[in-house]
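Engineer: model-v7.tsv is reproduced in full below (TSV, C-alpha atoms).
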```
chain	number	residue	atom	x	y	z
A	1	MET	CA	4.27	21.38	15.39
A	2	PRO	CA	8.07	20.90	15.17
A	3	SER	CA	9.41	17.93	13.24
A	4	PRO	CA	10.78	15.06	15.35
A	5	THR	CA	14.55	14.83	15.56
A	6	VAL	CA	17.16	12.18	16.14
A	7	ASN	CA	19.88	13.08	18.66
A	8	TRP	CA	23.21	11.34	19.15
A	9	GLN	CA	26.75	11.87	20.40
A	10	GLU	CA	29.69	11.27	18.08
A	11	GLN	CA	33.34	11.79	18.97
A	12	GLY	CA	32.29	13.77	22.01
A	13	VAL	CA	30.06	16.15	20.04
A	14	GLU	CA	26.26	16.34	20.27
A	15	HIS	CA	24.45	16.00	16.93
A	16	SER	CA	20.84	16.34	15.83
A	17	ALA	CA	18.98	15.78	12.54
A	18	PRO	CA	15.35	15.61	11.43
A	19	TRP	CA	13.72	12.18	11.51
A	20	ARG	CA	12.07	11.04	8.27
A	21	ALA	CA	9.56	8.21	8.58
A	22	GLU	CA	6.99	7.89	5.84
A	23	ASN	CA	5.54	4.92	7.74
A	24	LEU	CA	4.96	7.23	10.76
A	25	GLY	CA	7.41	5.30	12.92
A	26	LYS	CA	8.56	7.20	16.01
A	27	ALA	CA	12.07	8.61	16.25
A	28	PRO	CA	14.21	6.50	18.59
A	29	ALA	CA	14.86	8.16	21.94
A	30	ARG	CA	18.30	6.53	22.25
A	31	VAL	CA	20.79	6.43	19.38
A	32	GLN	CA	24.19	4.76	19.30
A	33	VAL	CA	26.73	5.27	16.51
A	34	VAL	CA	27.85	1.88	15.16
A	35	ASP	CA	30.01	0.48	12.36
A	36	ASP	CA	31.28	-2.77	10.82
A	37	SER	CA	32.62	-3.98	14.16
A	38	LEU	CA	29.08	-4.42	15.54
A	39	LYS	CA	28.04	-8.09	15.76
A	40	ALA	CA	24.58	-9.17	14.69
A	41	ASP	CA	23.63	-10.56	18.11
A	42	GLN	CA	24.53	-7.29	19.79
A	43	ALA	CA	22.72	-5.25	17.14
A	44	TYR	CA	19.61	-7.38	17.55
A	45	ARG	CA	19.70	-7.04	21.33
A	46	LEU	CA	20.12	-3.27	21.20
A	47	ALA	CA	17.29	-2.90	18.69
A	48	CYS	CA	14.97	-5.07	20.79
A	49	GLU	CA	15.73	-2.72	23.69
A	50	GLY	CA	14.69	0.27	21.54
A	51	THR	CA	18.15	1.69	20.73
A	52	GLY	CA	18.61	3.25	17.31
A	53	LEU	CA	21.81	2.17	15.52
A	54	LEU	CA	23.21	4.96	13.36
A	55	TRP	CA	25.42	3.26	10.79
A	56	ARG	CA	28.88	4.63	9.95
A	57	GLY	CA	30.40	1.59	8.23
A	58	ASP	CA	30.23	0.03	4.78
A	59	PHE	CA	26.73	0.31	3.25
A	60	HIS	CA	26.68	-3.28	1.97
A	61	ASN	CA	27.62	-4.49	5.45
A	62	ALA	CA	24.65	-2.58	6.84
A	63	ARG	CA	22.36	-4.47	4.45
A	64	GLN	CA	23.90	-7.77	5.56
A	65	LEU	CA	23.44	-6.81	9.20
A	66	LEU	CA	19.78	-6.07	8.55
A	67	GLN	CA	19.38	-9.51	6.98
A	68	ALA	CA	21.08	-11.11	10.01
A	69	MET	CA	18.73	-9.28	12.37
A	70	THR	CA	15.79	-10.47	10.26
A	71	ARG	CA	16.93	-14.08	10.61
A	72	ARG	CA	17.05	-13.71	14.37
A	73	LEU	CA	13.51	-12.42	14.41
A	74	GLU	CA	12.36	-15.34	12.29
A	75	ARG	CA	13.83	-17.84	14.75
A	76	LYS	CA	11.19	-16.91	17.31
A	77	LEU	CA	8.50	-19.58	17.33
A	78	PRO	CA	5.10	-18.12	16.42
A	79	LYS	CA	2.38	-18.30	19.02
A	80	THR	CA	-0.29	-20.92	18.44
A	81	ALA	CA	-3.64	-19.46	17.41
A	82	ALA	CA	-6.98	-20.97	18.43
A	83	ASP	CA	-8.84	-19.68	15.36
A	84	PRO	CA	-8.28	-17.63	12.17
A	85	THR	CA	-9.16	-14.35	13.89
A	86	GLU	CA	-6.54	-14.85	16.56
A	87	ALA	CA	-4.06	-15.95	13.88
A	88	PHE	CA	-4.66	-12.66	12.08
A	89	HIS	CA	-4.14	-10.54	15.20
A	90	LEU	CA	-1.00	-12.47	16.19
A	91	HIS	CA	0.33	-12.03	12.65
A	92	ARG	CA	-0.28	-8.28	12.82
A	93	GLN	CA	1.47	-8.08	16.20
A	94	ALA	CA	4.45	-9.96	14.77
A	95	GLN	CA	4.55	-7.63	11.77
A	96	ALA	CA	4.52	-4.58	14.04
A	97	GLN	CA	7.30	-5.99	16.22
A	98	ARG	CA	9.35	-6.82	13.13
A	99	ALA	CA	8.93	-3.28	11.82
A	100	ARG	CA	9.94	-1.76	15.17
A	101	VAL	CA	13.10	-3.83	15.59
A	102	LEU	CA	14.34	-3.73	11.99
A	103	GLY	CA	13.47	-0.04	11.71
A	104	LEU	CA	16.15	0.85	14.24
A	105	LEU	CA	19.13	0.38	11.92
A	106	LEU	CA	19.55	3.98	10.74
A	107	ILE	CA	21.12	5.78	7.78
A	108	GLN	CA	21.94	9.49	7.52
A	109	LEU	CA	21.07	11.24	4.26
A	110	GLU	CA	22.68	14.47	3.11
A	111	PRO	CA	20.49	17.44	2.07
A	112	ASP	CA	20.70	16.24	-1.57
A	113	TYR	CA	19.76	12.68	-0.44
A	114	SER	CA	23.25	11.31	-1.05
A	115	ILE	CA	24.80	8.88	1.46
A	116	LYS	CA	28.35	9.37	2.71
A	117	LEU	CA	29.17	5.71	3.32
A	118	ARG	CA	31.51	3.29	1.58
A	119	ARG	CA	29.84	1.50	-1.36
A	120	ALA	CA	26.62	3.43	-0.86
A	121	PRO	CA	24.31	3.49	-3.92
A	122	ASP	CA	23.10	6.68	-5.52
A	123	VAL	CA	19.59	6.99	-4.10
A	124	ARG	CA	19.04	10.65	-4.90
A	125	LEU	CA	16.50	10.18	-7.70
A	126	ALA	CA	14.60	7.53	-5.75
A	127	CYS	CA	14.40	9.86	-2.73
A	128	GLU	CA	13.41	12.85	-4.82
A	129	GLN	CA	10.52	10.92	-6.37
A	130	ALA	CA	9.30	9.66	-3.01
A	131	LEU	CA	10.08	12.55	-0.67
A	132	GLY	CA	10.15	15.59	-2.93
A	133	THR	CA	12.86	18.08	-3.81
A	134	ASP	CA	12.09	20.79	-1.26
A	135	ASN	CA	14.71	20.13	1.40
A	136	ALA	CA	14.37	23.46	3.19
A	137	TRP	CA	13.42	21.47	6.29
A	138	SER	CA	16.97	20.20	6.64
A	139	ALA	CA	20.17	22.10	5.94
A	140	GLY	CA	22.09	19.23	7.54
A	141	GLY	CA	20.33	16.24	6.02
A	142	CYS	CA	18.09	13.77	7.81
A	143	VAL	CA	18.05	10.32	9.39
A	144	MET	CA	15.78	7.45	8.36
A	145	SER	CA	15.63	3.70	8.82
A	146	LEU	CA	17.63	1.58	6.39
A	147	ARG	CA	14.63	-0.73	6.03
A	148	GLU	CA	12.42	2.15	4.92
A	149	LEU	CA	15.14	3.39	2.58
A	150	GLN	CA	15.25	-0.06	0.99
A	151	GLY	CA	11.48	0.06	0.54
A	152	LEU	CA	11.82	3.45	-1.07
A	153	ILE	CA	14.48	2.11	-3.48
A	154	GLY	CA	12.27	-0.88	-4.28
A	155	ALA	CA	9.33	1.42	-5.00
A	156	TYR	CA	11.55	3.43	-7.35
A	157	GLU	CA	12.31	0.24	-9.30
A	158	TRP	CA	8.59	-0.64	-9.43
A	159	ARG	CA	7.90	2.82	-10.83
A	160	ARG	CA	10.77	2.69	-13.31
A	161	LYS	CA	10.00	-0.77	-14.68
A	162	GLY	CA	6.23	-0.72	-14.22
A	163	VAL	CA	3.74	-3.56	-13.81
A	164	SER	CA	2.48	-5.25	-16.96
A	165	ILE	CA	-1.33	-5.35	-17.09
A	166	PRO	CA	-2.52	-7.81	-19.78
A	167	ALA	CA	-6.07	-6.45	-19.64
A	168	LEU	CA	-4.68	-3.05	-20.66
A	169	GLY	CA	-2.14	-4.21	-23.15
A	170	GLY	CA	0.12	-1.79	-21.33
A	171	VAL	CA	2.08	-1.01	-18.19
A	172	ILE	CA	1.11	0.72	-14.94
A	173	HIS	CA	3.82	2.60	-13.04
A	174	PRO	CA	3.03	2.72	-9.28
A	175	HIS	CA	4.49	5.64	-7.34
A	176	TYR	CA	5.97	5.40	-3.87
A	177	GLY	CA	3.18	5.16	-1.30
A	178	VAL	CA	0.59	3.97	-3.85
A	179	PHE	CA	-0.39	0.31	-3.78
A	180	SER	CA	0.87	-1.63	-6.79
A	181	PRO	CA	-1.76	-3.54	-8.84
A	182	VAL	CA	-0.04	-6.90	-8.43
A	183	ARG	CA	-3.31	-8.71	-7.68
A	184	GLY	CA	-4.25	-9.09	-11.33
A	185	GLU	CA	-7.39	-11.16	-10.79
A	186	TYR	CA	-9.48	-8.16	-9.70
A	187	ILE	CA	-8.41	-6.30	-12.84
A	188	ASP	CA	-9.51	-9.27	-14.95
A	189	LEU	CA	-12.96	-9.15	-13.34
A	190	VAL	CA	-13.39	-5.49	-14.34
A	191	ALA	CA	-12.10	-6.25	-17.84
A	192	GLN	CA	-14.59	-9.08	-18.38
A	193	ALA	CA	-17.82	-8.15	-16.54
A	194	PRO	CA	-20.75	-7.21	-18.82
A	195	LEU	CA	-21.22	-3.46	-19.09
A	196	PRO	CA	-24.52	-2.03	-17.76
A	197	GLN	CA	-27.54	-1.53	-20.01
A	198	ALA	CA	-27.43	2.18	-19.17
A	199	PHE	CA	-24.45	2.52	-21.52
A	200	SER	CA	-26.80	1.90	-24.46
A	201	ALA	CA	-29.25	4.63	-23.36
A	202	PRO	CA	-29.48	7.69	-25.67
A	203	SER	CA	-28.16	10.12	-23.05
A	204	ALA	CA	-25.30	12.59	-22.89
A	205	ASP	CA	-24.30	10.91	-19.64
A	206	GLY	CA	-24.86	7.39	-20.94
A	207	MET	CA	-21.16	6.60	-21.32
A	208	LEU	CA	-19.94	8.07	-18.03
A	209	ALA	CA	-18.29	5.98	-15.31
A	210	PHE	CA	-16.81	6.78	-11.89
A	211	ASP	CA	-13.76	5.00	-10.45
A	212	ILE	CA	-13.85	5.59	-6.69
A	213	GLY	CA	-10.47	5.44	-4.92
A	214	THR	CA	-8.54	5.09	-8.16
A	215	GLY	CA	-5.04	4.59	-6.71
A	216	THR	CA	-2.74	3.97	-9.68
A	217	GLY	CA	-5.63	4.61	-12.09
A	218	VAL	CA	-5.56	1.04	-13.38
A	219	LEU	CA	-9.33	0.38	-13.25
A	220	ALA	CA	-10.16	3.73	-14.85
A	221	ALA	CA	-7.74	2.85	-17.64
A	222	VAL	CA	-9.31	-0.59	-18.10
A	223	LEU	CA	-12.77	0.99	-18.42
A	224	ALA	CA	-11.45	3.46	-20.97
A	225	ARG	CA	-9.84	0.64	-22.96
A	226	ARG	CA	-13.24	-1.10	-22.94
A	227	GLY	CA	-14.73	1.87	-24.72
A	228	VAL	CA	-16.25	3.88	-21.88
A	229	GLN	CA	-16.26	7.41	-23.27
A	230	GLN	CA	-15.64	9.29	-20.02
A	231	VAL	CA	-14.30	8.12	-16.67
A	232	LEU	CA	-14.01	10.32	-13.59
A	233	ALA	CA	-11.34	8.79	-11.35
A	234	THR	CA	-11.31	10.05	-7.75
A	235	ASP	CA	-8.95	9.78	-4.80
A	236	GLN	CA	-8.07	11.96	-1.82
A	237	ASP	CA	-4.41	10.97	-1.49
A	238	GLU	CA	-2.00	13.36	-3.22
A	239	ARG	CA	0.43	10.61	-4.19
A	240	ALA	CA	-2.36	8.52	-5.69
A	241	LEU	CA	-3.68	11.49	-7.67
A	242	ALA	CA	-0.23	12.21	-9.13
A	243	CYS	CA	0.32	8.52	-9.86
A	244	ALA	CA	-3.03	8.06	-11.59
A	245	GLN	CA	-2.53	11.22	-13.65
A	246	ASP	CA	0.91	10.06	-14.80
A	247	ASN	CA	-0.39	6.63	-15.78
A	248	ILE	CA	-3.36	8.00	-17.67
A	249	GLN	CA	-1.04	10.30	-19.61
A	250	GLN	CA	1.44	7.54	-20.41
A	251	LEU	CA	-1.38	5.30	-21.64
A	252	GLY	CA	-2.71	8.07	-23.88
A	253	LEU	CA	-6.12	8.16	-22.19
A	254	THR	CA	-6.34	11.79	-21.07
A	255	GLU	CA	-9.29	12.51	-23.39
A	256	GLN	CA	-11.32	9.75	-21.72
A	257	VAL	CA	-10.17	9.81	-18.08
A	258	GLN	CA	-10.18	12.79	-15.72
A	259	VAL	CA	-8.50	12.48	-12.31
A	260	LEU	CA	-10.20	14.41	-9.49
A	261	LYS	CA	-9.44	14.98	-5.81
A	262	ARG	CA	-12.57	13.85	-3.98
A	263	ASP	CA	-13.53	11.96	-0.85
A	264	LEU	CA	-15.34	9.14	-2.65
A	265	TYR	CA	-17.86	10.53	-5.16
A	266	PRO	CA	-17.69	13.34	-7.72
A	267	GLU	CA	-20.78	15.36	-8.52
A	268	GLY	CA	-23.51	13.86	-10.68
A	269	ARG	CA	-24.63	10.39	-11.73
A	270	ALA	CA	-23.02	7.73	-13.88
A	271	ALA	CA	-24.00	4.58	-15.73
A	272	LEU	CA	-21.26	2.67	-13.92
A	273	VAL	CA	-19.53	3.25	-10.57
A	274	VAL	CA	-16.55	1.04	-9.77
A	275	CYS	CA	-14.86	0.72	-6.38
A	276	ASN	CA	-12.14	-1.59	-5.09
A	277	PRO	CA	-11.99	-0.59	-1.41
A	278	PRO	CA	-9.52	-2.03	1.12
A	279	TRP	CA	-10.59	-5.57	1.89
A	280	ILE	CA	-9.80	-5.99	5.58
A	281	PRO	CA	-11.68	-4.07	8.33
A	282	ALA	CA	-8.74	-3.45	10.65
A	283	LYS	CA	-6.45	-0.64	11.78
A	284	ALA	CA	-3.75	0.49	9.37
A	285	ASN	CA	-0.30	0.89	10.95
A	286	ALA	CA	1.19	2.98	8.12
A	287	PRO	CA	-0.21	5.17	5.32
A	288	ILE	CA	0.48	2.56	2.59
A	289	GLU	CA	-1.64	0.06	4.54
A	290	TYR	CA	-4.80	2.06	3.92
A	291	ALA	CA	-4.89	0.30	0.56
A	292	ILE	CA	-5.38	-2.99	2.45
A	293	TYR	CA	-7.02	-2.08	5.76
A	294	ASP	CA	-10.31	-0.21	6.07
A	295	PRO	CA	-10.90	0.64	9.76
A	296	ALA	CA	-14.55	-0.03	10.69
A	297	SER	CA	-15.24	-0.66	6.95
A	298	ALA	CA	-15.55	3.12	6.57
A	299	MET	CA	-14.75	3.32	2.84
A	300	LEU	CA	-16.86	0.26	2.04
A	301	GLN	CA	-19.87	1.73	3.84
A	302	GLY	CA	-19.32	5.17	2.31
A	303	PHE	CA	-19.29	3.68	-1.18
A	304	LEU	CA	-22.42	1.59	-0.61
A	305	GLN	CA	-24.40	4.34	1.12
A	306	GLY	CA	-23.70	6.86	-1.63
A	307	LEU	CA	-24.09	4.56	-4.60
A	308	ALA	CA	-27.85	4.73	-5.30
A	309	ALA	CA	-27.77	8.54	-5.39
A	310	HIS	CA	-24.98	8.49	-8.01
A	311	LEU	CA	-26.40	5.93	-10.45
A	312	LEU	CA	-28.28	6.73	-13.64
A	313	PRO	CA	-31.43	4.68	-14.34
A	314	GLY	CA	-30.27	1.23	-15.37
A	315	GLY	CA	-26.81	1.91	-14.01
A	316	GLU	CA	-24.68	-0.42	-11.93
A	317	GLY	CA	-22.17	-0.24	-9.12
A	318	TRP	CA	-19.31	-2.71	-9.23
A	319	LEU	CA	-17.91	-3.56	-5.82
A	320	ILE	CA	-14.64	-5.49	-6.14
A	321	MET	CA	-13.88	-7.31	-2.87
A	322	SER	CA	-11.94	-10.27	-1.60
A	323	ASP	CA	-13.73	-12.37	1.01
A	324	ILE	CA	-10.51	-12.81	3.02
A	325	ALA	CA	-12.07	-10.86	5.91
A	326	GLU	CA	-14.81	-13.48	6.15
A	327	HIS	CA	-12.31	-16.34	6.36
A	328	LEU	CA	-10.43	-14.45	9.07
A	329	GLY	CA	-13.61	-13.92	11.08
A	330	LEU	CA	-13.37	-10.13	10.79
A	331	ARG	CA	-16.61	-9.57	8.86
A	332	SER	CA	-19.34	-12.05	7.98
A	333	ARG	CA	-20.98	-12.45	4.59
A	334	GLN	CA	-24.31	-11.57	6.21
A	335	THR	CA	-22.85	-8.29	7.49
A	336	LEU	CA	-21.84	-7.37	3.94
A	337	LEU	CA	-25.27	-8.32	2.59
A	338	ASP	CA	-26.93	-6.25	5.31
A	339	MET	CA	-24.78	-3.24	4.33
A	340	ILE	CA	-25.87	-3.65	0.72
A	341	ASP	CA	-29.54	-3.94	1.69
A	342	ALA	CA	-29.38	-0.98	4.09
A	343	ALA	CA	-28.00	1.18	1.28
A	344	GLY	CA	-31.07	0.44	-0.88
A	345	LEU	CA	-29.15	-1.77	-3.30
A	346	THR	CA	-29.85	-5.08	-5.01
A	347	VAL	CA	-27.31	-7.70	-6.07
A	348	ILE	CA	-27.66	-8.43	-9.80
A	349	GLU	CA	-24.84	-10.94	-10.00
A	350	ARG	CA	-21.58	-11.91	-8.34
A	351	LEU	CA	-18.55	-12.86	-10.42
A	352	ASP	CA	-15.83	-14.81	-8.62
A	353	ILE	CA	-12.19	-15.59	-9.31
A	354	LYS	CA	-9.48	-17.39	-7.33
A	355	PRO	CA	-6.41	-15.38	-6.32
A	356	ARG	CA	-3.21	-16.13	-8.20
A	357	HIS	CA	-0.70	-14.49	-5.85
A	358	GLY	CA	2.15	-16.49	-4.32
A	359	ARG	CA	0.86	-16.44	-0.75
A	360	ALA	CA	-2.21	-18.45	-1.76
A	361	ALA	CA	0.11	-21.46	-2.24
A	362	ASP	CA	2.54	-20.75	0.62
A	363	SER	CA	1.80	-23.23	3.42
A	364	SER	CA	4.25	-21.41	5.74
A	365	ASP	CA	2.13	-18.25	5.67
A	366	PRO	CA	0.41	-17.74	9.07
A	367	LEU	CA	-2.86	-17.01	7.24
A	368	PHE	CA	-2.54	-19.90	4.76
A	369	LYS	CA	-5.89	-21.53	5.59
A	370	ALA	CA	-7.77	-18.30	5.00
A	371	ARG	CA	-5.84	-17.56	1.81
A	372	THR	CA	-6.55	-20.99	0.30
A	373	ALA	CA	-10.30	-20.42	0.76
A	374	GLU	CA	-10.21	-16.82	-0.52
A	375	LEU	CA	-12.23	-15.63	-3.50
A	376	THR	CA	-12.14	-12.22	-5.14
A	377	SER	CA	-15.59	-11.11	-6.30
A	378	LEU	CA	-17.14	-8.42	-8.43
A	379	TRP	CA	-20.57	-7.62	-7.04
A	380	ARG	CA	-22.88	-6.09	-9.68
A	381	LEU	CA	-25.22	-3.82	-7.73
A	382	SER	CA	-28.23	-1.74	-8.76
A	383	ALA	CA	-30.50	0.68	-6.95
A	384	ALA	CA	-33.43	-1.25	-5.46
```
When written as structure tokens, how does the structure in this file appear?

Structural biologist:
Amino acid sequence: MPSPTVNWQEQGVEHSAPWRAENLGKAPARVQVVDDSLKADQAYRLACEGTGLLWRGDFHNARQLLQAMTRRLERKLPKTAADPTEAFHLHRQAQAQRARVLGLLLIQLEPDYSIKLRRAPDVRLACEQALGTDNAWSAGGCVMSLRELQGLIGAYEWRRKGVSIPALGGVIHPHYGVFSPVRGEYIDLVAQAPLPQAFSAPSADGMLAFDIGTGTGVLAAVLARRGVQQVLATDQDERALACAQDNIQQLGLTEQVQVLKRDLYPEGRAALVVCNPPWIPAKANAPIEYAIYDPASAMLQGFLQGLAAHLLPGGEGWLIMSDIAEHLGLRSRQTLLDMIDAAGLTVIERLDIKPRHGRAADSSDPLFKARTAELTSLWRLSAA
């Protein structure tokens, strides 16, 4: 299947370049070349009409224009929701509209990922880390949204600086496209929960744990720091696998943690199986959102249904979940309990902690009521 392209006319000449959209956004069908003379109101109107704006002016001015367009979007009064479920769906619609409009201010990258604009930053290393170094797809460069480029640059800074994890006594470096472990409360739950009795059994497998959907590898690293002798950390996303492997190496835990490409479970049984699936059963609009949204609770159900068959006698499964979906009316507590029961599992204990992220205290957030009631829980499960 051929790659999508962006087509435009410039100084009477037809041009074309590949479209890069890691968020799977569609290439704009209409593209207009613009520069510093473009006013924010006109830019906003054109973007709302679906016209891509290929920037040829000063790079810093493009950033300011994007901010001005954002302010115009924020002036729109939000629709009034009758209940938390409707508030969630309206919020998602507003997010999608925001992404569509702001994603239409475009930047052209050269084959080496440089930008030929006044005062443009050097983004080559950030692009190489996120998009790779094989540019055979484009001898003439590519076009991408400025908003996505900014996200890519931000991800590069996250990776360079890292995220301090007190429970590890170390730093996790999230890669582009891999969800950053900024919600520290769920890490604290894994760091503090009592380890299963199966770890004291005189067995060659007695100190084996699985981390299902490892992402950055942070929970596998926490288990290793707690003294678990061997952790098999699985994921099916290539970026997550590379990210987890890098973090495990930097933390000096390669003798304890092995990163494997698997759809959920590796072979065998373990004394402990840990999983922090996406918390909200809704459609993901971009690949990065699969860390938050779990359509039809597919990963949650896959973890629960396979757990009993992968536990050693006396072993436990730790399900780390926020109850935000319950407060949004997207999944009831009884539905979760029925899933656990149908999988032949028993709840040993539930450990709860309040979220500490900024949105939990932000009364302007459209989902504020649900966030204030939210709890993050570690469900200790055993085979019935």

Engineer: For A:Lys354, which residue among A:Ala370, A:Leu375, A:Ile165, A:Ile107 is the nearest when counting all atoms listed in the file?

Structural biologist: A:Leu375

Engineer: Could you tell me how far atom CA of A:Ala120 lies from atom CA of A:Val6, in Å and to one decimal?

Structural biologist: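 Calculated distance between atom CA of A:Ala120 and atom CA of A:Val6 is 21.3 Å.
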
Engineer: Pick from A:Phe210, A:Phe199, A:Tyr290, A:Phe368: nearest to A:Ile324, with all atoms listed in the file counted?

Structural biologist: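 Answer, going by the shortest atom-to-atom distance: A:Phe368.
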
Engineer: What does the distance between atom CA of A:Val31 and atom CA of A:Leu46 come to in Å, to one decimal place?

Structural biologist: 9.9 Å

Engineer: For A:Ala29, which residue out of A:Gly315, A:Gly50, A:Gly12, A:Pro287 is the nearest one, using all atoms listed in the file?

Structural biologist: A:Gly50

Engineer: I'd like to know which of A:Asp188, A:Pro277, A:Ala284, A:Ala271 is closest to A:Leu351, using all atoms listed in the file.

Structural biologist: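 The shortest atom-to-atom distance to A:Leu351 comes from A:Asp188.
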
Engineer: Go through A:Leu300, A:Leu337, A:Ala198, A:Leu378 and flag the residue nearest A:Leu319, using only C-alpha atoms for the distances.

Structural biologist: A:Leu378

Engineer: Calculated over only C-alpha atoms, which of the candidates A:Leu131, A:Leu117, A:Cys142, A:Ala62 has the smallest distance to A:Ser16?

Structural biologist: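 Result for the nearest residue to A:Ser16: A:Cys142.
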
Engineer: Can you pull out every residue within 10 Å of A:Glu255, counting all atoms listed in the file, but drop anything in the same chain fewer than 5 positions away, and send it as number ranges by chain?

Structural biologist: A: 224, 229-231, 248-249
